[in-house]
>>> print(open('final03.pdb').read())   # PDB, C-alpha atoms
MODEL        1
ATOM      1  CA  MET A 289       0.000   0.000   0.000  1.00  0.00           C
ATOM      2  CA  ASN A 290       1.435   3.395  -0.940  1.00  0.00           C
ATOM      3  CA  LYS A 291       1.946   6.100   1.682  1.00  0.00           C
ATOM      4  CA  GLU A 292      -0.966   8.275   0.541  1.00  0.00           C
ATOM      5  CA  LEU A 293      -3.373   5.357   0.696  1.00  0.00           C
ATOM      6  CA  GLN A 294      -1.983   4.273   4.070  1.00  0.00           C
ATOM      7  CA  LEU A 295      -2.532   7.783   5.434  1.00  0.00           C
ATOM      8  CA  LEU A 296      -6.196   7.708   4.371  1.00  0.00           C
ATOM      9  CA  VAL A 297      -6.626   4.289   6.002  1.00  0.00           C
ATOM     10  CA  ASP A 298      -4.943   5.506   9.194  1.00  0.00           C
ATOM     11  CA  LYS A 299      -7.391   8.435   9.286  1.00  0.00           C
ATOM     12  CA  GLY A 300     -10.341   6.101   8.702  1.00  0.00           C
ATOM     13  CA  GLU A 301     -11.268   7.877   5.465  1.00  0.00           C
ATOM     14  CA  MET A 302     -10.715   4.556   3.714  1.00  0.00           C
ATOM     15  CA  LEU A 303     -11.257   1.166   5.344  1.00  0.00           C
ATOM     16  CA  PRO A 304     -10.332  -2.402   4.356  1.00  0.00           C
ATOM     17  CA  LEU A 305     -13.808  -3.543   3.366  1.00  0.00           C
ATOM     18  CA  MET A 306     -14.254  -7.317   3.370  1.00  0.00           C
ATOM     19  CA  GLU A 307     -17.947  -7.460   2.504  1.00  0.00           C
ATOM     20  CA  GLU A 308     -21.238  -5.626   2.874  1.00  0.00           C
ATOM     21  CA  PHE A 309     -24.681  -7.164   2.712  1.00  0.00           C
ATOM     22  CA  TYR A 310     -28.318  -6.621   3.652  1.00  0.00           C
ATOM     23  CA  THR A 311     -29.807  -9.290   5.885  1.00  0.00           C
ATOM     24  CA  ILE A 312     -31.567  -9.948   9.194  1.00  0.00           C
ATOM     25  CA  GLN A 313     -29.615  -9.404  12.413  1.00  0.00           C
ATOM     26  CA  GLY A 314     -29.475 -12.892  13.860  1.00  0.00           C
ATOM     27  CA  GLU A 315     -28.016 -12.359  17.324  1.00  0.00           C
ATOM     28  CA  GLY A 316     -28.517 -10.510  20.570  1.00  0.00           C
ATOM     29  CA  TYR A 317     -30.937  -7.719  21.428  1.00  0.00           C
ATOM     30  CA  HIS A 318     -31.722  -6.676  17.828  1.00  0.00           C
ATOM     31  CA  LYS A 319     -32.254 -10.174  16.425  1.00  0.00           C
ATOM     32  CA  GLY A 320     -34.936 -10.235  13.759  1.00  0.00           C
ATOM     33  CA  THR A 321     -34.198  -6.661  12.629  1.00  0.00           C
ATOM     34  CA  ALA A 322     -33.367  -5.962   8.984  1.00  0.00           C
ATOM     35  CA  ALA A 323     -29.883  -4.445   8.899  1.00  0.00           C
ATOM     36  CA  TYR A 324     -27.080  -3.632   6.498  1.00  0.00           C
ATOM     37  CA  PHE A 325     -23.820  -5.220   7.607  1.00  0.00           C
ATOM     38  CA  VAL A 326     -20.437  -3.669   6.900  1.00  0.00           C
ATOM     39  CA  ARG A 327     -17.636  -6.149   7.613  1.00  0.00           C
ATOM     40  CA  ILE A 328     -14.239  -4.533   8.025  1.00  0.00           C
ATOM     41  CA  GLY A 329     -11.088  -6.619   7.545  1.00  0.00           C
ATOM     42  CA  GLY A 330      -8.315  -6.840  10.103  1.00  0.00           C
ATOM     43  CA  CYS A 331      -8.179  -8.676  13.431  1.00  0.00           C
ATOM     44  CA  ASP A 332      -5.347  -9.959  15.585  1.00  0.00           C
ATOM     45  CA  VAL A 333      -7.463 -11.262  18.476  1.00  0.00           C
ATOM     46  CA  GLY A 334      -7.333 -14.718  16.878  1.00  0.00           C
ATOM     47  CA  CYS A 335     -10.255 -16.778  18.207  1.00  0.00           C
ATOM     48  CA  HIS A 336      -9.703 -20.368  17.110  1.00  0.00           C
ATOM     49  CA  TRP A 337     -13.443 -20.867  16.555  1.00  0.00           C
ATOM     50  CA  CYS A 338     -13.907 -17.658  14.512  1.00  0.00           C
ATOM     51  CA  ASP A 339     -16.291 -18.283  11.581  1.00  0.00           C
ATOM     52  CA  VAL A 340     -14.808 -15.454   9.476  1.00  0.00           C
ATOM     53  CA  LYS A 341     -11.069 -16.128   9.688  1.00  0.00           C
ATOM     54  CA  GLU A 342     -10.768 -14.711   6.164  1.00  0.00           C
ATOM     55  CA  SER A 343     -11.400 -11.318   7.769  1.00  0.00           C
ATOM     56  CA  TRP A 344      -8.193 -11.423   9.821  1.00  0.00           C
ATOM     57  CA  ASN A 345      -5.726 -10.249   7.184  1.00  0.00           C
ATOM     58  CA  ALA A 346      -6.594  -6.637   6.348  1.00  0.00           C
ATOM     59  CA  ASN A 347      -4.128  -6.611   3.450  1.00  0.00           C
ATOM     60  CA  ILE A 348      -6.332  -8.844   1.302  1.00  0.00           C
ATOM     61  CA  HIS A 349      -9.338  -6.526   1.605  1.00  0.00           C
ATOM     62  CA  PRO A 350      -9.256  -3.432  -0.604  1.00  0.00           C
ATOM     63  CA  PRO A 351      -9.200  -0.001   1.061  1.00  0.00           C
ATOM     64  CA  THR A 352     -12.593   1.495   0.244  1.00  0.00           C
ATOM     65  CA  GLU A 353     -13.688   5.103   0.643  1.00  0.00           C
ATOM     66  CA  THR A 354     -16.026   5.520   3.607  1.00  0.00           C
ATOM     67  CA  SER A 355     -18.275   7.732   1.451  1.00  0.00           C
ATOM     68  CA  LYS A 356     -18.834   4.766  -0.903  1.00  0.00           C
ATOM     69  CA  ILE A 357     -19.671   2.468   2.014  1.00  0.00           C
ATOM     70  CA  VAL A 358     -22.204   5.017   3.291  1.00  0.00           C
ATOM     71  CA  ALA A 359     -23.721   5.516  -0.188  1.00  0.00           C
ATOM     72  CA  ASN A 360     -24.255   1.757  -0.524  1.00  0.00           C
ATOM     73  CA  ALA A 361     -25.607   1.342   2.990  1.00  0.00           C
ATOM     74  CA  LYS A 362     -28.297   4.016   2.729  1.00  0.00           C
ATOM     75  CA  LYS A 363     -29.827   2.291  -0.312  1.00  0.00           C
ATOM     76  CA  TYR A 364     -30.880  -0.618   1.871  1.00  0.00           C
ATOM     77  CA  SER A 365     -31.503   0.163   5.516  1.00  0.00           C
ATOM     78  CA  ASP A 366     -31.413   2.767   8.260  1.00  0.00           C
ATOM     79  CA  THR A 367     -29.878   0.235  10.663  1.00  0.00           C
ATOM     80  CA  ILE A 368     -26.191  -0.357  10.001  1.00  0.00           C
ATOM     81  CA  VAL A 369     -24.082  -2.962  11.799  1.00  0.00           C
ATOM     82  CA  VAL A 370     -20.320  -2.494  11.633  1.00  0.00           C
ATOM     83  CA  THR A 371     -18.524  -5.767  12.324  1.00  0.00           C
ATOM     84  CA  GLY A 372     -15.318  -7.566  11.443  1.00  0.00           C
ATOM     85  CA  GLY A 373     -12.709  -8.703  11.907  1.00  0.00           C
ATOM     86  CA  GLU A 374     -12.248  -6.208  14.671  1.00  0.00           C
ATOM     87  CA  PRO A 375     -13.575  -2.850  13.445  1.00  0.00           C
ATOM     88  CA  LEU A 376     -11.914  -0.894  16.267  1.00  0.00           C
ATOM     89  CA  THR A 377      -8.553  -1.805  14.748  1.00  0.00           C
ATOM     90  CA  TRP A 378      -9.335   1.281  12.653  1.00  0.00           C
ATOM     91  CA  ASP A 379     -10.569   4.792  13.388  1.00  0.00           C
ATOM     92  CA  MET A 380     -14.351   4.598  13.012  1.00  0.00           C
ATOM     93  CA  THR A 381     -14.952   8.365  13.344  1.00  0.00           C
ATOM     94  CA  ALA A 382     -15.239   9.196   9.637  1.00  0.00           C
ATOM     95  CA  LEU A 383     -17.494   6.256   8.772  1.00  0.00           C
ATOM     96  CA  THR A 384     -19.884   6.686  11.676  1.00  0.00           C
ATOM     97  CA  SER A 385     -20.132  10.479  11.447  1.00  0.00           C
ATOM     98  CA  GLN A 386     -21.202  10.133   7.806  1.00  0.00           C
ATOM     99  CA  LEU A 387     -23.700   7.391   8.654  1.00  0.00           C
ATOM    100  CA  LYS A 388     -25.157   9.486  11.480  1.00  0.00           C
ATOM    101  CA  ALA A 389     -25.395  12.489   9.130  1.00  0.00           C
ATOM    102  CA  GLU A 390     -27.649  10.323   6.944  1.00  0.00           C
ATOM    103  CA  GLY A 391     -29.894   9.578   9.933  1.00  0.00           C
ATOM    104  CA  MET A 392     -28.762   5.983  10.385  1.00  0.00           C
ATOM    105  CA  GLN A 393     -28.884   3.895  13.546  1.00  0.00           C
ATOM    106  CA  VAL A 394     -25.286   2.696  13.825  1.00  0.00           C
ATOM    107  CA  HIS A 395     -24.363  -0.470  15.719  1.00  0.00           C
ATOM    108  CA  ILE A 396     -20.982  -2.109  16.315  1.00  0.00           C
ATOM    109  CA  GLU A 397     -19.993  -5.667  17.162  1.00  0.00           C
ATOM    110  CA  THR A 398     -16.579  -5.621  18.818  1.00  0.00           C
ATOM    111  CA  SER A 399     -14.247  -7.511  21.118  1.00  0.00           C
ATOM    112  CA  GLY A 400     -13.544  -4.132  22.703  1.00  0.00           C
ATOM    113  CA  ALA A 401      -9.802  -4.759  22.666  1.00  0.00           C
ATOM    114  CA  TYR A 402      -8.925  -1.430  21.051  1.00  0.00           C
ATOM    115  CA  LYS A 403      -9.644   2.248  21.639  1.00  0.00           C
ATOM    116  CA  LEU A 404     -13.302   3.096  21.135  1.00  0.00           C
ATOM    117  CA  THR A 405     -13.708   5.480  18.204  1.00  0.00           C
ATOM    118  CA  GLY A 406     -16.839   6.508  16.341  1.00  0.00           C
ATOM    119  CA  TYR A 407     -20.425   7.466  17.187  1.00  0.00           C
ATOM    120  CA  TRP A 408     -22.590   4.497  18.148  1.00  0.00           C
ATOM    121  CA  ASP A 409     -26.250   3.970  18.939  1.00  0.00           C
ATOM    122  CA  TRP A 410     -25.597   0.417  20.114  1.00  0.00           C
ATOM    123  CA  ILE A 411     -22.431  -1.323  21.235  1.00  0.00           C
ATOM    124  CA  CYS A 412     -22.409  -5.109  21.315  1.00  0.00           C
ATOM    125  CA  LEU A 413     -19.351  -6.192  23.289  1.00  0.00           C
ATOM    126  CA  SER A 414     -18.198  -9.755  22.691  1.00  0.00           C
ATOM    127  CA  PRO A 415     -15.022 -10.039  24.793  1.00  0.00           C
ATOM    128  CA  LYS A 416     -12.273 -12.558  24.158  1.00  0.00           C
ATOM    129  CA  LYS A 417      -9.888 -14.083  26.693  1.00  0.00           C
ATOM    130  CA  MET A 418      -6.847 -13.426  24.508  1.00  0.00           C
ATOM    131  CA  LYS A 419      -7.302  -9.619  24.473  1.00  0.00           C
ATOM    132  CA  LEU A 420      -9.607  -8.155  27.072  1.00  0.00           C
ATOM    133  CA  PRO A 421     -11.719  -5.036  26.453  1.00  0.00           C
ATOM    134  CA  THR A 422     -10.711  -1.509  27.362  1.00  0.00           C
ATOM    135  CA  GLN A 423     -12.369   0.125  30.354  1.00  0.00           C
ATOM    136  CA  GLU A 424     -14.222   2.597  28.122  1.00  0.00           C
ATOM    137  CA  VAL A 425     -15.913  -0.176  26.145  1.00  0.00           C
ATOM    138  CA  TYR A 426     -16.983  -1.927  29.361  1.00  0.00           C
ATOM    139  CA  GLU A 427     -18.535   1.347  30.524  1.00  0.00           C
ATOM    140  CA  ARG A 428     -20.291   2.047  27.202  1.00  0.00           C
ATOM    141  CA  ALA A 429     -21.491  -1.438  26.202  1.00  0.00           C
ATOM    142  CA  ASP A 430     -25.227  -1.863  25.613  1.00  0.00           C
ATOM    143  CA  GLU A 431     -25.024  -5.635  25.469  1.00  0.00           C
ATOM    144  CA  LEU A 432     -22.445  -8.179  26.564  1.00  0.00           C
ATOM    145  CA  LYS A 433     -22.377 -11.307  24.415  1.00  0.00           C
ATOM    146  CA  VAL A 434     -20.154 -14.109  25.681  1.00  0.00           C
ATOM    147  CA  ILE A 435     -19.572 -17.058  23.367  1.00  0.00           C
ATOM    148  CA  VAL A 436     -19.738 -20.392  25.183  1.00  0.00           C
ATOM    149  CA  TYR A 437     -17.369 -23.009  23.787  1.00  0.00           C
ATOM    150  CA  ASN A 438     -16.766 -24.955  27.000  1.00  0.00           C
ATOM    151  CA  LYS A 439     -17.661 -24.796  30.693  1.00  0.00           C
ATOM    152  CA  ASP A 440     -14.807 -22.418  31.539  1.00  0.00           C
ATOM    153  CA  ASP A 441     -16.617 -19.775  29.498  1.00  0.00           C
ATOM    154  CA  PHE A 442     -19.242 -19.464  32.245  1.00  0.00           C
ATOM    155  CA  ARG A 443     -16.480 -18.373  34.644  1.00  0.00           C
ATOM    156  CA  PHE A 444     -15.198 -15.914  32.044  1.00  0.00           C
ATOM    157  CA  ALA A 445     -18.744 -14.631  31.445  1.00  0.00           C
ATOM    158  CA  GLU A 446     -19.170 -13.764  35.119  1.00  0.00           C
ATOM    159  CA  GLU A 447     -15.803 -11.983  35.183  1.00  0.00           C
ATOM    160  CA  GLN A 448     -16.905  -9.894  32.208  1.00  0.00           C
ATOM    161  CA  ALA A 449     -20.380  -9.207  33.608  1.00  0.00           C
ATOM    162  CA  ALA A 450     -18.703  -7.733  36.712  1.00  0.00           C
ATOM    163  CA  GLN A 451     -16.916  -5.193  34.480  1.00  0.00           C
ATOM    164  CA  VAL A 452     -19.789  -3.794  32.412  1.00  0.00           C
ATOM    165  CA  ASN A 453     -22.231  -1.039  33.358  1.00  0.00           C
ATOM    166  CA  LYS A 454     -25.407  -1.902  35.262  1.00  0.00           C
ATOM    167  CA  ASN A 455     -27.704  -1.327  32.246  1.00  0.00           C
ATOM    168  CA  CYS A 456     -25.798  -3.688  29.965  1.00  0.00           C
ATOM    169  CA  ILE A 457     -27.885  -6.672  28.805  1.00  0.00           C
ATOM    170  CA  LEU A 458     -26.134 -10.005  29.387  1.00  0.00           C
ATOM    171  CA  TYR A 459     -26.176 -12.791  26.778  1.00  0.00           C
ATOM    172  CA  LEU A 460     -24.678 -16.261  26.570  1.00  0.00           C
ATOM    173  CA  GLN A 461     -24.400 -17.604  23.034  1.00  0.00           C
ATOM    174  CA  PRO A 462     -23.372 -21.139  22.056  1.00  0.00           C
ATOM    175  CA  GLU A 463     -20.414 -21.442  19.714  1.00  0.00           C
ATOM    176  CA  TRP A 464     -22.038 -22.831  16.575  1.00  0.00           C
ATOM    177  CA  SER A 465     -19.900 -25.967  16.139  1.00  0.00           C
ATOM    178  CA  LYS A 466     -20.429 -26.930  19.807  1.00  0.00           C
ATOM    179  CA  ARG A 467     -24.082 -25.925  20.077  1.00  0.00           C
ATOM    180  CA  HIS A 468     -25.467 -29.454  20.604  1.00  0.00           C
ATOM    181  CA  LYS A 469     -23.063 -29.967  23.502  1.00  0.00           C
ATOM    182  CA  VAL A 470     -23.260 -26.571  25.207  1.00  0.00           C
ATOM    183  CA  VAL A 471     -26.899 -25.533  24.720  1.00  0.00           C
ATOM    184  CA  PRO A 472     -28.165 -27.744  27.585  1.00  0.00           C
ATOM    185  CA  ASP A 473     -25.485 -26.245  29.863  1.00  0.00           C
ATOM    186  CA  ILE A 474     -26.441 -22.703  28.808  1.00  0.00           C
ATOM    187  CA  VAL A 475     -30.145 -23.348  29.410  1.00  0.00           C
ATOM    188  CA  GLU A 476     -29.408 -24.747  32.863  1.00  0.00           C
ATOM    189  CA  TYR A 477     -27.087 -21.850  33.674  1.00  0.00           C
ATOM    190  CA  VAL A 478     -29.514 -19.134  32.593  1.00  0.00           C
ATOM    191  CA  MET A 479     -32.343 -20.721  34.558  1.00  0.00           C
ATOM    192  CA  ALA A 480     -30.099 -20.739  37.637  1.00  0.00           C
ATOM    193  CA  ASN A 481     -28.754 -17.235  36.907  1.00  0.00           C
ATOM    194  CA  PRO A 482     -31.630 -15.297  35.294  1.00  0.00           C
ATOM    195  CA  LYS A 483     -29.658 -12.048  34.925  1.00  0.00           C
ATOM    196  CA  TRP A 484     -28.387 -13.768  31.751  1.00  0.00           C
ATOM    197  CA  LYS A 485     -30.337 -14.336  28.528  1.00  0.00           C
ATOM    198  CA  VAL A 486     -29.755 -16.901  25.782  1.00  0.00           C
ATOM    199  CA  SER A 487     -28.627 -15.610  22.387  1.00  0.00           C
ATOM    200  CA  LEU A 488     -28.758 -17.915  19.373  1.00  0.00           C
ATOM    201  CA  GLN A 489     -27.357 -17.381  15.881  1.00  0.00           C
ATOM    202  CA  THR A 490     -30.850 -17.400  14.408  1.00  0.00           C
ATOM    203  CA  HIS A 491     -29.570 -16.358  10.965  1.00  0.00           C
ATOM    204  CA  LYS A 492     -27.832 -19.728  10.702  1.00  0.00           C
ATOM    205  CA  TYR A 493     -31.085 -21.531  11.482  1.00  0.00           C
ATOM    206  CA  LEU A 494     -32.762 -19.344   8.835  1.00  0.00           C
ATOM    207  CA  ASN A 495     -29.923 -20.148   6.400  1.00  0.00           C
ATOM    208  CA  ILE A 496     -29.202 -16.505   5.610  1.00  0.00           C
ATOM    209  CA  PRO A 497     -25.914 -14.541   5.812  1.00  0.00           C
TER     210      PRO A 497
ENDMDL
END
>>> encode(input="final03.pdb", output="structure tokens")
Amino acid sequence: MNKELQLLVDKGEMLPLMEEFYTIQGEGYHKGTAAYFVRIGGCDVGCHWCDVKESWNANIHPPTETSKIVANAKKYSDTIVVTGGEPLTWDMTALTSQLKAEGMQVHIETSGAYKLTGYWDWICLSPKKMKLPTQEVYERADELKVIVYNKDDFRFAEEQAAQVNKNCILYLQPEWSKRHKVVPDIVEYVMANPKWKVSLQTHKYLNIP
């Protein structure tokens, strides 16, 4: 990448766009809502069960002008979900300010491991053991979504729940490949600890992106 292009990426005026698509939000508080997803490349958190590992290497995803992303998004929906990869790898100020100027509701799905930039109507924090969230993201999160791969994740979930603000909605979500094994444990846990809710990847059951 040449220096001029790199400077624009560093400023967030261009972003390594992996994909963008219009679908139904399948997870968490806004499940069932039509939303336009903007998936930004680049992530070094490295979850072994990640279902979009092709998003990790930002260099294979072309830097795209934020104005083009916004122009595409507004054709489809007024609810925009920025996801990754890890979108906070990049400065989200330019993208989100343009989306907000168009009257969009702007959501982010993040591990929270990097500085919080941008203007958000909803922050879905999905923390990872390898790189814990920043204090600011804990304080600002609207929902906490902990992926359950094994029983140790319940311990981790409680540690994370102790960090977030009191209004944050708490979700436990089965890791898709382990769902048959962990769903009974999640159901039992939520019934015993009703501050938690169950989140399912309903888009996968609906066979949509």
>>> residues_around(input="final03.pdb", residues="Asn360 in chain A", least_positions_apart="3", cutoff="12 Å", atoms="only C-alpha atoms", output="PyMOL selection string")
chain A and resi 307-310+324-326+352-357+363-366+368+387+390
>>> resolve_selection(input="final03.pdb", expression="the PyMOL selection byres ((chain A and resi 455) around 12)", output="PyMOL selection string")
chain A and resi 426-432+449-454+456-458+483
>>> residues_around(input="final03.pdb", residues="Glu301 in chain A", least_positions_apart="4", cutoff="6 Å", atoms="only C-alpha atoms", output="list in words")
Leu296, Val297, Thr354 and Ala382 of chain A
>>> axis_aligned_box(input="final03.pdb", around="range 315-318 of chain A", padding_each_side="3 Å", output="JSON")
{"center_x": -29.9, "center_y": -9.5, "center_z": 19.4, "size_x": 9.7, "size_y": 11.7, "size_z": 10.1}
>>> residues_around(input="final03.pdb", residues="Val486 in chain A", least_positions_apart="4", cutoff="12 Å", atoms="all atoms listed in the file", output="VMD selection string")
chain A and resid 315 to 317 319 432 to 436 457 to 462 470 to 479 481 to 482 490
>>> closest_residue(input="final03.pdb", among="A:Val333, A:Ala323, A:Asp409, A:Asn290", to="Thr311 in chain A", atoms="all atoms listed in the file")
A:Ala323
>>> closest_residue(input="final03.pdb", among="A:Asp339, A:Asp332, A:Glu292, A:Asp441", to="Ser399 in chain A", atoms="only C-alpha atoms")
A:Asp332
>>> residues_near_point(input="final03.pdb", point="(-12.6, 5.3, 17.9)", cutoff="9 Å", atoms="only C-alpha atoms", output="JSON, numbers by chain")
{"A": [376, 377, 378, 379, 380, 381, 402, 403, 404, 405, 406, 407]}
>>> closest_residue(input="final03.pdb", among="A:Ala445, A:Ser465, A:Thr367, A:Gly373", to="Ile312 in chain A", atoms="all atoms listed in the file")
A:Thr367
>>> build_atoms(input="final03.pdb", residues="range 385-403 of chain A", atoms="N, CA and C atoms", output="short mmCIF file (atom, residue, chain, number, x, y, z; two decimals), in the frame of the given file")
data_model
loop_
_atom_site.label_atom_id
_atom_site.label_comp_id
_atom_site.auth_asym_id
_atom_site.auth_seq_id
_atom_site.Cartn_x
_atom_site.Cartn_y
_atom_site.Cartn_z
N SER A 385 -19.60 9.12 11.53
CA SER A 385 -20.13 10.48 11.45
C SER A 385 -20.92 10.67 10.16
N GLN A 386 -20.46 10.05 9.08
CA GLN A 386 -21.20 10.13 7.81
C GLN A 386 -22.51 9.35 7.87
N LEU A 387 -22.47 8.18 8.50
CA LEU A 387 -23.70 7.39 8.65
C LEU A 387 -24.72 8.14 9.52
N LYS A 388 -24.25 8.74 10.60
CA LYS A 388 -25.16 9.49 11.48
C LYS A 388 -25.73 10.71 10.76
N ALA A 389 -24.92 11.33 9.89
CA ALA A 389 -25.40 12.49 9.13
C ALA A 389 -26.53 12.11 8.19
N GLU A 390 -26.58 10.83 7.81
CA GLU A 390 -27.65 10.32 6.94
C GLU A 390 -28.84 9.81 7.76
N GLY A 391 -28.77 9.98 9.08
CA GLY A 391 -29.89 9.58 9.93
C GLY A 391 -29.94 8.10 10.27
N MET A 392 -28.80 7.42 10.14
CA MET A 392 -28.76 5.98 10.38
C MET A 392 -28.65 5.66 11.88
N GLN A 393 -29.19 4.50 12.25
CA GLN A 393 -28.88 3.90 13.55
C GLN A 393 -27.63 3.05 13.33
N VAL A 394 -26.58 3.32 14.08
CA VAL A 394 -25.29 2.70 13.82
C VAL A 394 -24.88 1.81 15.00
N HIS A 395 -24.72 0.52 14.71
CA HIS A 395 -24.36 -0.47 15.72
C HIS A 395 -22.95 -0.99 15.44
N ILE A 396 -22.28 -1.46 16.49
CA ILE A 396 -20.98 -2.11 16.32
C ILE A 396 -20.97 -3.42 17.08
N GLU A 397 -20.30 -4.41 16.49
CA GLU A 397 -19.99 -5.67 17.16
C GLU A 397 -18.48 -5.71 17.33
N THR A 398 -18.00 -5.76 18.56
CA THR A 398 -16.58 -5.62 18.82
C THR A 398 -16.12 -6.47 20.00
N SER A 399 -14.86 -6.86 19.96
CA SER A 399 -14.25 -7.51 21.12
C SER A 399 -13.88 -6.48 22.17
N GLY A 400 -13.86 -5.21 21.78
CA GLY A 400 -13.54 -4.13 22.70
C GLY A 400 -12.08 -4.00 23.05
N ALA A 401 -11.22 -4.71 22.31
CA ALA A 401 -9.80 -4.76 22.67
C ALA A 401 -9.02 -3.50 22.31
N TYR A 402 -9.63 -2.63 21.50
CA TYR A 402 -8.93 -1.43 21.05
C TYR A 402 -9.70 -0.17 21.44
N LYS A 403 -9.04 0.96 21.30
CA LYS A 403 -9.64 2.25 21.64
C LYS A 403 -10.99 2.42 20.94
#
